[in-house]
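For reference, work-v8.cif (mmCIF, C-alpha atoms):
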```cif
data_target
loop_
_atom_site.group_PDB
_atom_site.id
_atom_site.type_symbol
_atom_site.label_atom_id
_atom_site.label_comp_id
_atom_site.auth_asym_id
_atom_site.auth_seq_id
_atom_site.Cartn_x
_atom_site.Cartn_y
_atom_site.Cartn_z
ATOM 1 C CA MET A 1 1.710 -18.421 25.776
ATOM 2 C CA ALA A 2 1.163 -15.433 23.523
ATOM 3 C CA THR A 3 3.920 -14.570 21.057
ATOM 4 C CA ASN A 4 5.234 -11.295 19.725
ATOM 5 C CA PRO A 5 5.567 -11.627 15.918
ATOM 6 C CA LEU A 6 7.645 -8.486 15.484
ATOM 7 C CA ARG A 7 10.081 -9.418 18.240
ATOM 8 C CA ASP A 8 10.345 -12.934 16.822
ATOM 9 C CA GLY A 9 10.965 -11.447 13.388
ATOM 10 C CA PHE A 10 13.899 -9.411 14.698
ATOM 11 C CA ARG A 11 15.313 -12.494 16.392
ATOM 12 C CA ASP A 12 14.946 -14.674 13.285
ATOM 13 C CA VAL A 13 16.719 -12.182 11.022
ATOM 14 C CA LEU A 14 19.544 -11.626 13.522
ATOM 15 C CA ASN A 15 19.975 -15.392 13.898
ATOM 16 C CA ASP A 16 20.015 -15.901 10.110
ATOM 17 C CA PRO A 17 22.199 -13.173 8.527
ATOM 18 C CA ALA A 18 21.951 -14.916 5.134
ATOM 19 C CA LEU A 19 18.321 -13.814 4.941
ATOM 20 C CA LEU A 20 19.320 -10.143 5.044
ATOM 21 C CA LEU A 21 22.306 -10.671 2.741
ATOM 22 C CA ILE A 22 20.095 -12.252 0.074
ATOM 23 C CA GLU A 23 17.632 -9.364 0.286
ATOM 24 C CA ILE A 24 20.424 -6.790 0.041
ATOM 25 C CA ALA A 25 22.098 -8.646 -2.846
ATOM 26 C CA TRP A 26 19.101 -8.650 -5.188
ATOM 27 C CA ARG A 27 17.770 -5.204 -4.228
ATOM 28 C CA TRP A 28 21.120 -3.430 -4.500
ATOM 29 C CA SER A 29 21.948 -5.281 -7.712
ATOM 30 C CA PHE A 30 18.764 -3.907 -9.238
ATOM 31 C CA GLY A 31 19.615 -0.467 -7.841
ATOM 32 C CA LEU A 32 23.003 -0.491 -9.578
ATOM 33 C CA ILE A 33 21.435 -1.607 -12.850
ATOM 34 C CA ALA A 34 18.776 1.106 -12.571
ATOM 35 C CA PHE A 35 21.466 3.732 -11.877
ATOM 36 C CA PHE A 36 23.507 2.814 -14.950
ATOM 37 C CA VAL A 37 20.435 2.556 -17.183
ATOM 38 C CA CYS A 38 19.157 5.970 -16.074
ATOM 39 C CA ALA A 39 22.638 7.500 -16.434
ATOM 40 C CA ALA A 40 23.013 6.116 -19.956
ATOM 41 C CA ALA A 41 19.535 7.349 -20.885
ATOM 42 C CA GLY A 42 20.298 10.807 -19.490
ATOM 43 C CA LEU A 43 23.565 11.091 -21.395
ATOM 44 C CA LEU A 44 21.883 9.950 -24.598
ATOM 45 C CA LEU A 45 19.110 12.528 -24.244
ATOM 46 C CA LEU A 46 21.501 15.340 -23.307
ATOM 47 C CA GLY A 47 23.442 14.618 -26.476
ATOM 48 C CA ARG A 48 20.353 15.543 -28.495
ATOM 49 C CA VAL A 49 19.739 18.852 -26.696
ATOM 50 C CA ASN A 50 21.605 22.136 -27.105
ATOM 51 C CA THR A 51 23.344 22.535 -23.727
ATOM 52 C CA ASP A 52 25.539 25.641 -24.211
ATOM 53 C CA SER A 53 26.281 27.801 -21.163
ATOM 54 C CA HIS A 54 24.414 30.868 -22.502
ATOM 55 C CA ARG A 55 21.195 28.889 -22.738
ATOM 56 C CA PHE A 56 21.553 27.665 -19.146
ATOM 57 C CA GLN A 57 22.051 31.238 -17.950
ATOM 58 C CA GLY A 58 18.911 32.264 -19.806
ATOM 59 C CA LEU A 59 16.923 29.447 -18.202
ATOM 60 C CA VAL A 60 17.916 30.583 -14.709
ATOM 61 C CA ALA A 61 16.335 33.986 -15.336
ATOM 62 C CA LEU A 62 12.970 32.509 -16.380
ATOM 63 C CA GLY A 63 9.953 32.106 -14.110
ATOM 64 C CA PRO A 64 8.649 28.656 -13.123
ATOM 65 C CA TRP A 65 5.903 28.525 -15.751
ATOM 66 C CA GLN A 66 8.153 29.870 -18.518
ATOM 67 C CA LEU A 67 10.855 27.373 -17.542
ATOM 68 C CA ALA A 68 8.311 24.565 -17.701
ATOM 69 C CA GLN A 69 7.249 25.685 -21.179
ATOM 70 C CA VAL A 70 10.860 25.761 -22.401
ATOM 71 C CA LEU A 71 11.554 22.291 -20.990
ATOM 72 C CA ALA A 72 8.345 20.987 -22.549
ATOM 73 C CA ALA A 73 9.340 22.436 -25.903
ATOM 74 C CA SER A 74 12.783 20.822 -25.614
ATOM 75 C CA ALA A 75 11.185 17.479 -24.791
ATOM 76 C CA ALA A 76 8.826 17.829 -27.759
ATOM 77 C CA ALA A 77 11.795 18.495 -30.045
ATOM 78 C CA ILE A 78 13.335 15.148 -29.137
ATOM 79 C CA ARG A 79 10.037 13.342 -28.544
ATOM 80 C CA PHE A 80 10.874 10.353 -30.737
ATOM 81 C CA THR A 81 14.269 9.844 -29.094
ATOM 82 C CA LEU A 82 12.689 10.354 -25.688
ATOM 83 C CA LEU A 83 10.015 7.778 -26.480
ATOM 84 C CA ARG A 84 12.527 5.203 -27.728
ATOM 85 C CA VAL A 85 14.848 5.705 -24.752
ATOM 86 C CA SER A 86 11.971 5.565 -22.274
ATOM 87 C CA VAL A 87 10.529 2.378 -23.760
ATOM 88 C CA ALA A 88 13.936 0.683 -24.026
ATOM 89 C CA GLY A 89 14.957 1.716 -20.518
ATOM 90 C CA GLY A 90 11.583 0.703 -19.110
ATOM 91 C CA LEU A 91 11.779 -2.731 -20.725
ATOM 92 C CA ILE A 92 15.316 -3.314 -19.435
ATOM 93 C CA LEU A 93 14.416 -2.260 -15.909
ATOM 94 C CA SER A 94 11.193 -4.288 -15.953
ATOM 95 C CA LEU A 95 12.935 -7.468 -17.073
ATOM 96 C CA CYS A 96 15.741 -7.000 -14.551
ATOM 97 C CA TRP A 97 13.237 -6.378 -11.768
ATOM 98 C CA ILE A 98 11.178 -9.459 -12.629
ATOM 99 C CA VAL A 99 14.210 -11.756 -12.749
ATOM 100 C CA LEU A 100 16.077 -10.385 -9.733
ATOM 101 C CA SER A 101 13.023 -9.987 -7.484
ATOM 102 C CA ALA A 102 11.672 -13.444 -8.323
ATOM 103 C CA ILE A 103 14.994 -15.214 -7.758
ATOM 104 C CA GLY A 104 15.814 -13.111 -4.691
ATOM 105 C CA ARG A 105 12.408 -13.565 -3.082
ATOM 106 C CA HIS A 106 12.415 -17.325 -3.717
ATOM 107 C CA ALA A 107 15.917 -17.509 -2.191
ATOM 108 C CA THR A 108 14.615 -15.839 0.983
ATOM 109 C CA LEU A 109 11.558 -18.090 1.087
ATOM 110 C CA VAL A 110 13.694 -21.212 1.504
ATOM 111 C CA ARG A 111 15.252 -19.803 4.684
ATOM 112 C CA PRO A 112 13.766 -21.143 7.952
ATOM 113 C CA ALA A 113 12.288 -17.762 8.965
ATOM 114 C CA LEU A 114 10.027 -17.545 5.884
ATOM 115 C CA ALA A 115 9.628 -21.163 4.741
ATOM 116 C CA PRO A 116 7.475 -22.556 3.334
ATOM 117 C CA GLY A 117 6.715 -20.148 0.506
ATOM 118 C CA ALA A 118 5.568 -19.984 -3.086
ATOM 119 C CA THR A 119 7.336 -21.801 -5.905
ATOM 120 C CA LEU A 120 9.907 -20.101 -8.131
ATOM 121 C CA ARG A 121 7.414 -20.103 -10.991
ATOM 122 C CA ALA A 122 4.822 -18.378 -8.818
ATOM 123 C CA CYS A 123 7.426 -15.827 -7.701
ATOM 124 C CA PHE A 124 8.183 -14.979 -11.342
ATOM 125 C CA ALA A 125 4.481 -14.524 -12.078
ATOM 126 C CA ILE A 126 3.982 -12.360 -8.978
ATOM 127 C CA SER A 127 6.970 -10.175 -9.893
ATOM 128 C CA ALA A 128 5.588 -9.781 -13.408
ATOM 129 C CA ALA A 129 2.202 -8.825 -11.954
ATOM 130 C CA ARG A 130 3.805 -6.183 -9.729
ATOM 131 C CA THR A 131 5.650 -4.788 -12.745
ATOM 132 C CA GLY A 132 2.407 -4.708 -14.706
ATOM 133 C CA VAL A 133 0.663 -2.804 -11.903
ATOM 134 C CA THR A 134 3.483 -0.229 -11.825
ATOM 135 C CA VAL A 135 3.481 0.238 -15.604
ATOM 136 C CA ALA A 136 -0.318 0.556 -15.632
ATOM 137 C CA SER A 137 -0.113 3.186 -12.868
ATOM 138 C CA ILE A 138 2.449 5.218 -14.840
ATOM 139 C CA ILE A 139 0.324 5.045 -17.991
ATOM 140 C CA ALA A 140 -2.768 6.058 -16.010
ATOM 141 C CA TRP A 141 -0.922 9.067 -14.565
ATOM 142 C CA MET A 142 0.278 10.129 -18.020
ATOM 143 C CA ALA A 143 -3.258 9.768 -19.383
ATOM 144 C CA ALA A 144 -4.596 11.860 -16.496
ATOM 145 C CA GLY A 145 -2.020 14.567 -17.250
ATOM 146 C CA MET A 146 -2.931 14.639 -20.936
ATOM 147 C CA PHE A 147 -6.632 14.777 -20.109
ATOM 148 C CA ALA A 148 -6.096 17.599 -17.607
ATOM 149 C CA GLY A 149 -4.060 19.554 -20.159
ATOM 150 C CA LEU A 150 -6.681 19.163 -22.877
ATOM 151 C CA VAL A 151 -9.546 20.145 -20.575
ATOM 152 C CA SER A 152 -7.615 23.133 -19.232
ATOM 153 C CA VAL A 153 -6.717 24.479 -22.674
ATOM 154 C CA SER A 154 -10.165 23.923 -24.165
ATOM 155 C CA GLY A 155 -11.944 25.487 -21.188
ATOM 156 C CA SER A 156 -9.789 28.605 -20.988
ATOM 157 C CA ASP A 157 -9.796 31.634 -23.264
ATOM 158 C CA ALA A 158 -6.490 32.927 -21.915
ATOM 159 C CA ALA A 159 -3.087 31.962 -23.236
ATOM 160 C CA MET A 160 -2.164 30.418 -19.878
ATOM 161 C CA PRO A 161 -3.750 27.088 -18.896
ATOM 162 C CA ASN A 162 -6.095 27.028 -15.922
ATOM 163 C CA LEU A 163 -3.817 25.796 -13.133
ATOM 164 C CA ALA A 164 -6.700 25.477 -10.664
ATOM 165 C CA LEU A 165 -8.574 23.182 -13.055
ATOM 166 C CA ILE A 166 -5.433 21.112 -13.705
ATOM 167 C CA THR A 167 -4.873 20.709 -9.966
ATOM 168 C CA ALA A 168 -8.517 19.795 -9.407
ATOM 169 C CA ILE A 169 -8.161 16.967 -11.946
ATOM 170 C CA LEU A 170 -4.652 15.725 -11.204
ATOM 171 C CA LEU A 171 -4.774 15.716 -7.393
ATOM 172 C CA PRO A 172 -7.715 13.272 -7.054
ATOM 173 C CA ALA A 173 -6.270 11.209 -9.901
ATOM 174 C CA LEU A 174 -2.905 11.016 -8.121
ATOM 175 C CA ILE A 175 -4.523 9.972 -4.836
ATOM 176 C CA LEU A 176 -6.583 7.276 -6.577
ATOM 177 C CA ILE A 177 -3.670 5.923 -8.638
ATOM 178 C CA VAL A 178 -1.310 5.826 -5.652
ATOM 179 C CA ALA A 179 -3.953 4.159 -3.455
ATOM 180 C CA VAL A 180 -4.603 1.445 -6.038
ATOM 181 C CA TRP A 181 -0.879 0.937 -6.656
ATOM 182 C CA VAL A 182 -0.033 0.664 -2.943
ATOM 183 C CA THR A 183 -2.929 -1.703 -2.212
ATOM 184 C CA ALA A 184 -2.182 -3.994 -5.155
ATOM 185 C CA ASN A 185 1.537 -4.106 -4.365
ATOM 186 C CA TRP A 186 0.861 -4.876 -0.698
ATOM 187 C CA TYR A 187 -1.274 -7.902 -1.513
ATOM 188 C CA LEU A 188 1.178 -9.036 -4.190
ATOM 189 C CA SER A 189 4.051 -8.717 -1.706
ATOM 190 C CA LEU A 190 2.161 -11.004 0.690
ATOM 191 C CA ALA A 191 1.401 -13.619 -1.960
ATOM 192 C CA PRO A 192 4.875 -15.255 -2.085
ATOM 193 C CA LEU A 193 4.686 -15.998 1.640
ATOM 194 C CA LEU A 194 1.894 -18.510 1.052
ATOM 195 C CA PRO A 195 2.999 -21.981 -0.143
ATOM 196 C CA GLU A 196 0.901 -22.311 -3.294
ATOM 197 C CA GLU A 197 1.732 -23.705 -6.728
ATOM 198 C CA THR A 198 0.373 -20.844 -8.853
ATOM 199 C CA TRP A 199 0.446 -17.101 -8.371
ATOM 200 C CA MET A 200 -3.331 -16.810 -8.513
ATOM 201 C CA GLN A 201 -3.680 -19.345 -5.710
ATOM 202 C CA SER A 202 -1.065 -17.427 -3.725
ATOM 203 C CA LEU A 203 -2.933 -14.174 -4.287
ATOM 204 C CA VAL A 204 -6.261 -15.666 -3.216
ATOM 205 C CA SER A 205 -4.613 -17.211 -0.160
ATOM 206 C CA ALA A 206 -2.996 -13.854 0.662
ATOM 207 C CA TRP A 207 -6.389 -12.157 0.469
ATOM 208 C CA ASN A 208 -8.019 -14.687 2.809
ATOM 209 C CA TRP A 209 -5.026 -14.834 5.134
ATOM 210 C CA SER A 210 -4.818 -11.037 5.417
ATOM 211 C CA ARG A 211 -8.504 -10.870 6.348
ATOM 212 C CA LEU A 212 -7.963 -13.485 9.061
ATOM 213 C CA HIS A 213 -4.934 -11.660 10.557
ATOM 214 C CA ARG A 214 -5.931 -8.127 9.654
ATOM 215 C CA ASP A 215 -5.210 -6.583 13.057
ATOM 216 C CA GLN A 216 -1.809 -8.221 13.515
ATOM 217 C CA LEU A 217 -0.689 -7.344 9.974
ATOM 218 C CA PHE A 218 -1.805 -3.755 10.444
ATOM 219 C CA GLU A 219 0.006 -3.422 13.767
ATOM 220 C CA ILE A 220 3.237 -4.867 12.376
ATOM 221 C CA SER A 221 3.088 -2.578 9.337
ATOM 222 C CA ILE A 222 2.432 0.503 11.476
ATOM 223 C CA ALA A 223 5.283 -0.332 13.863
ATOM 224 C CA VAL A 224 7.812 -0.907 11.066
ATOM 225 C CA THR A 225 6.656 2.215 9.201
ATOM 226 C CA ALA A 226 7.023 4.320 12.364
ATOM 227 C CA ILE A 227 10.588 3.055 12.838
ATOM 228 C CA ARG A 228 11.429 3.835 9.207
ATOM 229 C CA VAL A 229 10.010 7.363 9.516
ATOM 230 C CA ILE A 230 12.130 7.972 12.612
ATOM 231 C CA LEU A 231 15.219 6.678 10.790
ATOM 232 C CA LEU A 232 14.436 8.908 7.800
ATOM 233 C CA VAL A 233 14.230 11.961 10.064
ATOM 234 C CA VAL A 234 17.549 11.012 11.683
ATOM 235 C CA ALA A 235 19.160 10.530 8.259
ATOM 236 C CA LEU A 236 17.907 13.928 7.072
ATOM 237 C CA MET A 237 19.177 15.622 10.234
ATOM 238 C CA LEU A 238 22.592 14.009 9.790
ATOM 239 C CA SER A 239 22.646 15.088 6.140
ATOM 240 C CA PHE A 240 21.834 18.697 7.025
ATOM 241 C CA ALA A 241 24.447 18.669 9.797
ATOM 242 C CA VAL A 242 27.142 17.330 7.467
ATOM 243 C CA SER A 243 26.252 19.875 4.779
ATOM 244 C CA ALA A 244 26.446 22.717 7.298
ATOM 245 C CA VAL A 245 29.721 21.683 8.967
ATOM 246 C CA VAL A 246 31.841 20.191 6.178
ATOM 247 C CA THR A 247 33.062 22.555 3.463
ATOM 248 C CA ASN A 248 34.866 20.110 1.158
ATOM 249 C CA LEU A 249 32.383 19.115 -1.553
ATOM 250 C CA ARG A 250 33.945 15.677 -2.083
ATOM 251 C CA VAL A 251 33.787 14.892 1.624
ATOM 252 C CA VAL A 252 30.171 16.106 1.749
ATOM 253 C CA ALA A 253 29.234 13.907 -1.218
ATOM 254 C CA ALA A 254 30.956 10.886 0.346
ATOM 255 C CA ASP A 255 29.224 11.473 3.700
ATOM 256 C CA LEU A 256 25.812 11.901 2.086
ATOM 257 C CA LEU A 257 26.342 8.721 0.064
ATOM 258 C CA ALA A 258 27.322 6.814 3.213
ATOM 259 C CA ILE A 259 24.252 8.087 5.083
ATOM 260 C CA THR A 260 21.988 7.152 2.171
ATOM 261 C CA LEU A 261 23.431 3.651 1.852
ATOM 262 C CA LEU A 262 23.186 3.121 5.599
ATOM 263 C CA TYR A 263 19.539 4.183 5.547
ATOM 264 C CA PHE A 264 18.792 1.759 2.697
ATOM 265 C CA LEU A 265 20.635 -0.995 4.570
ATOM 266 C CA VAL A 266 18.552 -0.490 7.699
ATOM 267 C CA GLY A 267 15.426 -0.174 5.542
ATOM 268 C CA ASP A 268 16.093 -3.548 3.916
ATOM 269 C CA PHE A 269 16.688 -5.037 7.357
ATOM 270 C CA LEU A 270 13.344 -3.736 8.600
ATOM 271 C CA TYR A 271 11.576 -5.036 5.492
ATOM 272 C CA VAL A 272 12.951 -8.541 6.034
ATOM 273 C CA VAL A 273 11.978 -8.304 9.706
ATOM 274 C CA LYS A 274 8.447 -7.401 8.631
ATOM 275 C CA LEU A 275 8.276 -10.399 6.302
ATOM 276 C CA ALA A 276 9.566 -12.675 9.074
ATOM 277 C CA ALA A 277 6.936 -11.262 11.436
ATOM 278 C CA TYR A 278 4.243 -11.871 8.821
ATOM 279 C CA ALA A 279 5.513 -15.440 8.393
ATOM 280 C CA LYS A 280 5.068 -16.044 12.119
ATOM 281 C CA LEU A 281 1.340 -15.547 11.634
ATOM 282 C CA LYS A 282 1.280 -18.567 9.304
ATOM 283 C CA GLN A 283 2.247 -20.851 12.179
ATOM 284 C CA PRO A 284 -0.549 -21.930 14.543
ATOM 285 C CA GLU A 285 0.323 -20.912 18.074
ATOM 286 C CA LYS A 286 0.473 -23.593 20.736
ATOM 287 C CA VAL A 287 -2.010 -22.810 23.478
ATOM 288 C CA ASP A 288 -3.315 -24.532 26.533
ATOM 289 C CA SER A 289 -6.617 -26.161 25.636
ATOM 290 C CA GLY A 290 -8.001 -25.388 29.095
ATOM 291 C CA ALA A 291 -7.459 -21.677 28.515
ATOM 292 C CA LEU A 292 -9.708 -21.717 25.481
ATOM 293 C CA GLY A 293 -12.837 -22.201 27.562
ATOM 294 C CA LYS A 294 -15.716 -23.099 25.343
ATOM 295 C CA ALA A 295 -13.786 -22.672 22.076
ATOM 296 C CA THR A 296 -14.473 -25.582 19.777
ATOM 297 C CA ASP A 297 -12.380 -24.781 16.684
ATOM 298 C CA LEU A 298 -8.694 -25.293 17.471
ATOM 299 C CA SER A 299 -7.660 -25.145 13.807
ATOM 300 C CA VAL A 300 -7.700 -21.336 13.718
ATOM 301 C CA PRO A 301 -4.343 -19.771 14.696
ATOM 302 C CA VAL A 302 -4.536 -17.847 17.974
ATOM 303 C CA SER A 303 -2.202 -14.834 18.234
ATOM 304 C CA ASP A 304 -2.378 -11.798 20.466
ATOM 305 C CA SER A 305 -1.267 -8.326 19.446
ATOM 306 C CA PHE A 306 2.443 -7.735 19.861
ATOM 307 C CA PHE A 307 1.568 -4.508 21.686
ATOM 308 C CA SER A 308 0.232 -6.651 24.537
ATOM 309 C CA ARG A 309 3.795 -7.517 25.482
#
```

Could you render the structure from this file as structure tokens?
Amino acid sequence: MATNPLRDGFRDVLNDPALLLIEIAWRWSFGLIAFFVCAAAGLLLLGRVNTDSHRFQGLVALGPWQLAQVLAASAAAIRFTLLRVSVAGGLILSLCWIVLSAIGRHATLVRPALAPGATLRACFAISAARTGVTVASIIAWMAAGMFAGLVSVSGSDAAMPNLALITAILLPALILIVAVWVTANWYLSLAPLLPEETWMQSLVSAWNWSRLHRDQLFEISIAVTAIRVILLVVALMLSFAVSAVVTNLRVVAADLLAITLLYFLVGDFLYVVKLAAYAKLKQPEKVDSGALGKATDLSVPVSDSFFSR
């Protein structure tokens, strides 16, 4: 009998609330840490910049390009502080992400819906690899911006940089960097699901396993993404409605915060459901041998598309 991985994933998560609670615990813990780190960094940087009211009023009257030049000049004035704060904040967030994501993911992998999975050591290595990919993507984007700025200034006789040339360089670079980052993170997110001792073995197994179940993985990803897009549209509509109806700023802020947290909660639920659906593809499906006809290799898992139900 054919199975529906996505439906089974919903059922597994609903039957095992601890799976969702673990996912929420480590993700929201990192979110709180990231909020406080970014807030501390912002306060530290603002303390080094002249923030009198007259200057803010002058900035409002400037055009977009002039405002960008003023902000760039302000950033250049505190470039050493900005560099130190960025590096320190990035290191703190990277270490927290590696530890929390590795421990959190391994804790979910021991639950029945996802077990068996990679070892804790492999989870740490995979989390470090994902962090490395993100850092490399940020550095690549900064390098692309510097290159575009240099080319634009050197190739233009006017005082203003060539915005068309900058866009022509940065847009393809952004598409390429984002595509590489998304692809690498997707394969690295699959790797912990495979029960291997090392992260390289998990990554190789994820590559082979994803090729074997390419259609099912694609269908599950598309279905979950479509649901998340619909939920995002609903959340935005609710936010606009609250902003238009409620006049008290504190009540508006509280409502918007509640809507945002609820969206993240449902998003985490859908992500765990997706992982549980992926895990179902690891289990060979029991089929009637007479229905296989002339098939000779029964070791390959047989699974129909969940859309067939």

Taking the file as shown, what set of residues would the PyMOL selection byres ((chain A and resi 217) around 12) give back, as number ranges by chain? A: 5-6, 186-187, 190, 206, 209-216, 218-224, 274-282, 303-306

Write out as a ChimeraX atom specification which residues come within 12 Å of Ala128 (chain A) when counting all atoms listed in the file, dropping same-chain ones fewer than 5 positions away. /A:91,93-102,121-123,133-135,185,188-189,199

Applied to this file, what does the PyMOL selection byres ((chain A and resi 228-243) around 12) return in terms of residues, put as a ChimeraX atom specification? /A:221-227,244-271,274

Enumerate, as a PDB file with C-alpha atoms, keeping the file's coordinate frame, the protein, DNA and RNA residues whose atoms approach (-0.6, -19.8, 3.2) to within 10 Å, taking into account all atoms listed in the file and the coordinate frame of the file.
```pdb
ATOM      1  CA  PRO A 116       7.475 -22.556   3.334  1.00  0.00           C
ATOM      2  CA  GLY A 117       6.715 -20.148   0.506  1.00  0.00           C
ATOM      3  CA  ALA A 118       5.568 -19.984  -3.086  1.00  0.00           C
ATOM      4  CA  LEU A 190       2.161 -11.004   0.690  1.00  0.00           C
ATOM      5  CA  ALA A 191       1.401 -13.619  -1.960  1.00  0.00           C
ATOM      6  CA  PRO A 192       4.875 -15.255  -2.085  1.00  0.00           C
ATOM      7  CA  LEU A 193       4.686 -15.998   1.640  1.00  0.00           C
ATOM      8  CA  LEU A 194       1.894 -18.510   1.052  1.00  0.00           C
ATOM      9  CA  PRO A 195       2.999 -21.981  -0.143  1.00  0.00           C
ATOM     10  CA  GLU A 196       0.901 -22.311  -3.294  1.00  0.00           C
ATOM     11  CA  GLN A 201      -3.680 -19.345  -5.710  1.00  0.00           C
ATOM     12  CA  SER A 202      -1.065 -17.427  -3.725  1.00  0.00           C
ATOM     13  CA  LEU A 203      -2.933 -14.174  -4.287  1.00  0.00           C
ATOM     14  CA  VAL A 204      -6.261 -15.666  -3.216  1.00  0.00           C
ATOM     15  CA  SER A 205      -4.613 -17.211  -0.160  1.00  0.00           C
ATOM     16  CA  ALA A 206      -2.996 -13.854   0.662  1.00  0.00           C
ATOM     17  CA  TRP A 207      -6.389 -12.157   0.469  1.00  0.00           C
ATOM     18  CA  ASN A 208      -8.019 -14.687   2.809  1.00  0.00           C
ATOM     19  CA  TRP A 209      -5.026 -14.834   5.134  1.00  0.00           C
ATOM     20  CA  SER A 210      -4.818 -11.037   5.417  1.00  0.00           C
ATOM     21  CA  ALA A 279       5.513 -15.440   8.393  1.00  0.00           C
ATOM     22  CA  LEU A 281       1.340 -15.547  11.634  1.00  0.00           C
ATOM     23  CA  LYS A 282       1.280 -18.567   9.304  1.00  0.00           C
ATOM     24  CA  GLN A 283       2.247 -20.851  12.179  1.00  0.00           C
TER      25      GLN A 283
END
```

Long-range neighbours of region 16-18 of chain A as a count of residues only, 9 Å cut-off, all atoms listed in the file, 5 positions minimum in chain: 6

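What separates CA of Val272 (chain A) from CA of Trp28 (chain A) is a distance of 14.3 Å.
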
Determine the nearest neighbour of Leu19 (chain A) from the options A:Ala129, A:Leu109, A:Leu165, A:Ala73, counting only C-alpha atoms. A:Leu109

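In this structure, CA of Val273 (chain A) sits 21.2 Å away from CA of Arg130 (chain A).
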
For the structure shown, which residues end up in the PyMOL selection byres ((chain A and resi 172-177) around 8)? Put them as a ChimeraX atom specification, please? /A:137,140-141,144,168-171,178-181

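Distance-wise, CA of Ile138 (chain A) and CA of Ser29 (chain A) end up 23.3 Å apart.
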